[in-house]
Amino acid sequence: MSGVSLAVGRPSQTTEQTVAPPGTQQKQQEHAPAGGMMGSLRMIELQLVAFILVFSASGLVPLLDLVFPALASAYIMALAHFAFPSLGSTSGPASQEIFKGSRFFRMYVIVGTTVGLFLPLAYVLGGFARGDEHAVRSATPHLFLLSFQILTENIISSLSLFSPPVRALVPMIYTIRRIFVDIDWIHDVWLNKTLPANAPLQDIAWYWFGKGLAVLNLVYFCINLFGFLIPRFLPRAFERYFQERGEIYAKTGEDKRSAAINKPQLSEKKTD
C-alpha cells in the first residue's frame, strides 16, 4: 500500500528458516517463493479482484479513476521494458527486498493499512448499512485505487521481471493520484454534506467519523509520499539497481579480460 509489500520483507519465512532443523531449511527455502506466491494469489489477490469488480460495477468510481490503473500499468510495463529492465540477478521475493524497516516502521505500516484500507472499508460498508449513499460515493474511489495498488504491488513483488526502480515507482504513482482523490473526498464530506438539525448522537458520530477519516487519509499519504517514498524508498531502489548493474558490468569485463588472456595461450599450445 505504501510500498509495503515491496519495502518490507516476509518475517514469517525468516522465522521458519531460523527455527527449522538444518535438514529441512533448504527445502523450505526452495518451496517458500512458490508457496508464498500461491497463498498470496489465493488469499489477497482474489479478494482485491472481487473488491475491484464490485467497485467498478457499482458506478461509484469516476471514469478517470477507472481508466487510471490501465494507464499506470501500461506505463509501468514500458518502464520495465525500455527504461529500467530487470538485470535477472534476483531469483526470489526475499532477494527482491528493497527497504528493510525497523519495528517502528512496521508499526507505521500497520497504521497506514488501518487508516487507508480497513477504516475506509468499514466506512463504505457502514454507509451501505445506514443507507448513506453520500458516504459510499465519497470513499469508494479511494478504496478502488488502493485495491489496484495493493494488487499490483503483490504481483510485482513476486516476479523477478521488474527491477527495483520499477517496483518502487508503483506506490508512488498510485499515491500521487490517490492524494488528489482524497482531496476530493475531503471536499465532498466537509462542504457537500450537512448534518440535519437535532440529529441523534449516532448520526453526529458517524458524520464526524467520515470527516476525520478523509483528513487522516490525506495527511498519512502525504507524509508517506514526501517523507518516505521520495526521500528514502526511491533512492534506495535506484542505488540497488545501479549497484547490481555495476557488478554485472564488472563481472562481464573480467570475463572478457580472462578470455583475451587465455586466447593467446591456447594459440601457443596449438602452435607447439
# chains A, B, ... in the order shown; residues from 1 in each chain; ligands from 1

$ select_by_dssp --residues "range 42-158 of chain A" --states "helix (DSSP H, G or I)" --output "NGL selection string"
:A and (42-58 or 63-83 or 94-96 or 103-130 or 133-157)

$ residues_around --residues "range 190-194 of chain A" --least-positions-apart "4" --cutoff "8 Å" --atoms "only C-alpha atoms" --output "PDB file with all heavy atoms, in the first residue's frame"
ATOM      1  N   HIS A 134     -24.088   9.057   0.165  1.00  0.00           N
ATOM      2  CA  HIS A 134     -23.050  10.082   0.076  1.00  0.00           C
ATOM      3  C   HIS A 134     -21.720   9.559   0.613  1.00  0.00           C
ATOM      4  O   HIS A 134     -20.653   9.785   0.016  1.00  0.00           O
ATOM      5  CB  HIS A 134     -23.482  11.319   0.859  1.00  0.00           C
ATOM      6  CG  HIS A 134     -22.595  12.502   0.653  1.00  0.00           C
ATOM      7  ND1 HIS A 134     -21.440  12.693   1.369  1.00  0.00           N
ATOM      8  CD2 HIS A 134     -22.683  13.568  -0.198  1.00  0.00           C
ATOM      9  CE1 HIS A 134     -20.857  13.816   0.983  1.00  0.00           C
ATOM     10  NE2 HIS A 134     -21.592  14.364   0.028  1.00  0.00           N
ATOM     11  N   ILE A 186     -12.307  14.920   0.847  1.00  0.00           N
ATOM     12  CA  ILE A 186     -12.439  15.940   1.892  1.00  0.00           C
ATOM     13  C   ILE A 186     -13.431  17.017   1.468  1.00  0.00           C
ATOM     14  O   ILE A 186     -14.293  17.436   2.255  1.00  0.00           O
ATOM     15  CB  ILE A 186     -11.059  16.556   2.204  1.00  0.00           C
ATOM     16  CG1 ILE A 186     -10.169  15.528   2.903  1.00  0.00           C
ATOM     17  CG2 ILE A 186     -11.209  17.802   3.067  1.00  0.00           C
ATOM     18  CD1 ILE A 186      -8.767  16.025   3.168  1.00  0.00           C
ATOM     19  N   LYS A 211     -15.641  12.755   8.242  1.00  0.00           N
ATOM     20  CA  LYS A 211     -14.785  13.920   8.037  1.00  0.00           C
ATOM     21  C   LYS A 211     -13.362  13.656   8.508  1.00  0.00           C
ATOM     22  O   LYS A 211     -12.384  13.966   7.806  1.00  0.00           O
ATOM     23  CB  LYS A 211     -15.365  15.128   8.779  1.00  0.00           C
ATOM     24  CG  LYS A 211     -16.605  15.731   8.147  1.00  0.00           C
ATOM     25  CD  LYS A 211     -16.942  17.069   8.797  1.00  0.00           C
ATOM     26  CE  LYS A 211     -18.049  17.776   8.023  1.00  0.00           C
ATOM     27  NZ  LYS A 211     -18.317  19.135   8.550  1.00  0.00           N
TER      28      LYS A 211
END

$ residues_around --residues "Ser56 in chain A" --least-positions-apart "5" --cutoff "9 Å" --atoms "only C-alpha atoms" --output "compact mmCIF listing (two decimals) with all heavy atoms, in the first residue's frame"
# COMPACT_ATOMS: atom_id res chain seq x y z
N PHE A 51 -13.09 -6.94 -4.81
CA PHE A 51 -13.37 -5.55 -4.47
C PHE A 51 -13.39 -4.68 -5.72
O PHE A 51 -14.27 -3.84 -5.91
CB PHE A 51 -12.31 -5.01 -3.49
CG PHE A 51 -12.50 -5.47 -2.09
CD1 PHE A 51 -11.41 -5.74 -1.28
CD2 PHE A 51 -13.77 -5.64 -1.55
CE1 PHE A 51 -11.58 -6.17 0.03
CE2 PHE A 51 -13.95 -6.06 -0.25
CZ PHE A 51 -12.85 -6.34 0.55
N VAL A 61 -17.34 4.83 -9.11
CA VAL A 61 -15.97 5.26 -9.39
C VAL A 61 -15.98 6.11 -10.66
O VAL A 61 -16.50 5.68 -11.70
CB VAL A 61 -15.05 4.04 -9.58
CG1 VAL A 61 -13.62 4.48 -9.86
CG2 VAL A 61 -15.10 3.13 -8.35
N LEU A 66 -11.31 4.88 -13.15
CA LEU A 66 -11.43 3.55 -13.76
C LEU A 66 -10.35 3.31 -14.80
O LEU A 66 -9.83 2.19 -14.92
CB LEU A 66 -12.81 3.40 -14.41
CG LEU A 66 -14.01 3.22 -13.47
CD1 LEU A 66 -15.31 3.23 -14.28
CD2 LEU A 66 -13.90 1.92 -12.68
N PHE A 144 -10.99 1.93 -4.38
CA PHE A 144 -10.76 1.33 -5.69
C PHE A 144 -9.29 1.44 -6.09
O PHE A 144 -8.66 0.46 -6.49
CB PHE A 144 -11.66 2.01 -6.72
CG PHE A 144 -11.43 1.57 -8.13
CD1 PHE A 144 -11.97 0.37 -8.60
CD2 PHE A 144 -10.67 2.33 -9.01
CE1 PHE A 144 -11.75 -0.05 -9.90
CE2 PHE A 144 -10.46 1.93 -10.31
CZ PHE A 144 -10.99 0.72 -10.76

$ closest_atom_pairs --of "range 212-242 of chain A" --to "range 159-180 of chain A" --cutoff "7 Å" --atoms "only C-alpha atoms" --output "JSON lines"
{"residue": "A:Leu218", "atom": "CA", "partner": "A:Ile179", "partner_atom": "CA", "distance": 6.1}
{"residue": "A:Phe221", "atom": "CA", "partner": "A:Thr175", "partner_atom": "CA", "distance": 6.8}
{"residue": "A:Leu225", "atom": "CA", "partner": "A:Met172", "partner_atom": "CA", "distance": 6.8}
{"residue": "A:Leu229", "atom": "CA", "partner": "A:Met172", "partner_atom": "CA", "distance": 6.7}
{"residue": "A:Phe233", "atom": "CA", "partner": "A:Ala168", "partner_atom": "CA", "distance": 6.8}
{"residue": "A:Leu234", "atom": "CA", "partner": "A:Ala168", "partner_atom": "CA", "distance": 5.8}
{"residue": "A:Ala237", "atom": "CA", "partner": "A:Pro164", "partner_atom": "CA", "distance": 5.0}
{"residue": "A:Phe238", "atom": "CA", "partner": "A:Pro165", "partner_atom": "CA", "distance": 5.5}
{"residue": "A:Tyr241", "atom": "CA", "partner": "A:Pro164", "partner_atom": "CA", "distance": 6.1}

$ closest_residue --among "A:Leu216, A:Ile248, A:Ile52, A:Leu71" --to "Leu119 in chain A" --atoms "only C-alpha atoms"
A:Leu216

$ closest_residue --among "A:Leu146, A:Ile183, A:Ala205, A:Gly112" --to "Ile223 in chain A" --atoms "only C-alpha atoms"
A:Gly112

$ closest_residue --among "A:Gln47, A:Asn154, A:Asn217, A:Gln243" --to "Gly116 in chain A" --atoms "only C-alpha atoms"
A:Asn217

$ closest_residue --among "A:Ala135, A:Ile204, A:Val67, A:Val109" --to "Phe228 in chain A" --atoms "only C-alpha atoms"
A:Val109
